[in-house]
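Peer 1: If you scroll down you'll find the structure; I have some questions about it.
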Amino acid sequence: MQGKDVANVTVGILMGSASDAEVMLKAKEVLDEFGVASEVRAISAHRTPKIVCDWAENAEGRGVKVIIAAAGMAAHLAGIVAAHTQLPVIGVPLAGGLVGGLDALLSTVQMPKGTPVATVSVGAHGAINAALLAVKILSLGDAELRKKLTSYYRKQVEEVLLRDNELSLQVAPQ
Ligand code: RP5
């Protein structure tokens with residue numbers, strides 16, 4: 001069973017379980033900010049392997065250009081998706097298993113040659129970076145997205161400088 005159809009899907013966000021949603025919806029928030037349409041699915045490489053493989057094989061035909069695949073523990077979701085599509089796959093390892101997600105990190109990043117998974121950091125930071133990386137990939141062929149990225153990073157600099165200024169004022173001698 002699949003949720004409601006998303007028109008003009010550009011990024012597919014997969015996660016191994018609905019229990020990953022709190023973290024992975026942060027990726028969707030970033031994509032929404034850039035006006036990039038996404039499709040979110042919670043399907044598992046080991047519990048629903050056929051559904052995952054079918055989804056990956058049909059993704060390109062449905063307009064998906066970049067896939068973000070997130071899972072915790074023995075995180076083989078990104079790898080199995082990458083094995084079933086020529087689209088770029090960004091893997092997000094999730095915490096919840098051993099040593100703060102070290103198990104998922106190694107499972108996601110250590111792909112043998114031939115089937116690349118571009119792996120980002122563990123958890124929420126990784127989810128956000130995966131979305132930004134997807135936007136960067138898409139921006140190679142989209143001047144509007146390039147402009148949005150430029151202003152996103154300009155805003156990031158302004159926010160850092162604002163916090164820097166606040167901190168300086170806080171510690172300044174009275
Ligand atoms: C992985 O196992 C999922 O990605 C999730 O991070 C972890 C636990 O899944 P649940 O037992 O919460 O469904 O496949």
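Just remember, in the structure tokens the first chain shown is A, the second B, etc., residues are 1-based per chain, and ligands are 1-based in the order shown.
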Collect all residues with atoms no farther than 8 Å from ligand 1, counting only C-alpha atoms and all ligand atoms, and output them as a list in words.

Peer 2: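 For ligand 1, the residues inside 8 Å are Met15, Gly16, Ser17, Ala18, Ser19, Asp20, Ser44, Ala45, His46, Ala70, Ala71, Gly72, Met73, Ala74, Ala75, Leu77, Leu94, Ala95, Gly96 and Gly97 of chain A.
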
Peer 1: Could you give me, as an MDAnalysis selection string, each residue of segment 2-163 of chain A that DSSP assigns to helix (DSSP H, G or I) when run on this structure's backbone?

Peer 2: chainID A and resid 18:33 49:62 77:82 99:109 124:139 143:163

Peer 1: I want to know what sits within 10 Å of segment 34-36 of chain A, based on only C-alpha atoms, with residues of the same chain fewer than 4 positions away left out; could you give that as a PyMOL selection string?

Peer 2: chain A and resi 8-11+28-30+131-132+134-135+138+144-145+148-149+152

Peer 1: Which of chain A end up as strand (DSSP E) when DSSP is run on this backbone - answer as a list of chain:residue names?

Peer 2: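 DSSP on the backbone gives strand (DSSP E) at A:Val11, A:Gly12, A:Ile13, A:Leu14, A:Met15, A:Ser38, A:Glu39, A:Val40, A:Arg41, A:Ala42, A:Val66, A:Ile67, A:Ile68, A:Ala69, A:Ala70, A:Ala71, A:Gly72, A:Val89, A:Ile90, A:Gly91, A:Val92, A:Pro93, A:Leu94, A:Ala118, A:Thr119.
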
Peer 1: Restricting the calculation to only C-alpha atoms: of A:Ala104, A:Ile68, A:Ala143, A:Leu133, which residue gets closest to Ala82 of chain A?

Peer 2: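 Nearest candidate to Ala82 of chain A out of A:Ala104, A:Ile68, A:Ala143, A:Leu133: A:Ile68.
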
Peer 1: Which neighbours of Leu14 of chain A fall inside 6 Å, counting only C-alpha atoms, when residues of the same chain fewer than 3 positions from it are skipped, and could you give them as a PyMOL selection string?

Peer 2: chain A and resi 40-42+69

Peer 1: Could you check which of A:Ile80, A:Val99, A:Ala124, A:Val117 is closest to Thr48 of chain A, using only C-alpha atoms?

Peer 2: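 For Thr48 of chain A, the nearest of the candidates is A:Ile80.
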
Peer 1: I need the residue nearest Met111 of chain A from this list: A:Ala127, A:Ala83, A:Leu98, A:Ala21. Use only C-alpha atoms for the distance.

Peer 2: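 With only C-alpha atoms as the atom set, the closest residue is A:Ala83.
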
Peer 1: Counting only C-alpha atoms, which of A:Asn165, A:Val157, A:Val92, A:Leu87 gets nearest to Gly123 of chain A?

Peer 2: A:Val92

Peer 1: In Å, with one decimal, what is the gap from atom CA of Thr115 of chain A to atom CA of Ile90 of chain A?

Peer 2: 11.8 Å

Peer 1: If you count only C-alpha atoms, which residues fall within 9 Å of segment 55-58 of chain A, apart from same-chain ones fewer than 3 positions away, as a PyMOL selection string?

Peer 2: chain A and resi 50-52+61-62+64+67+80-87
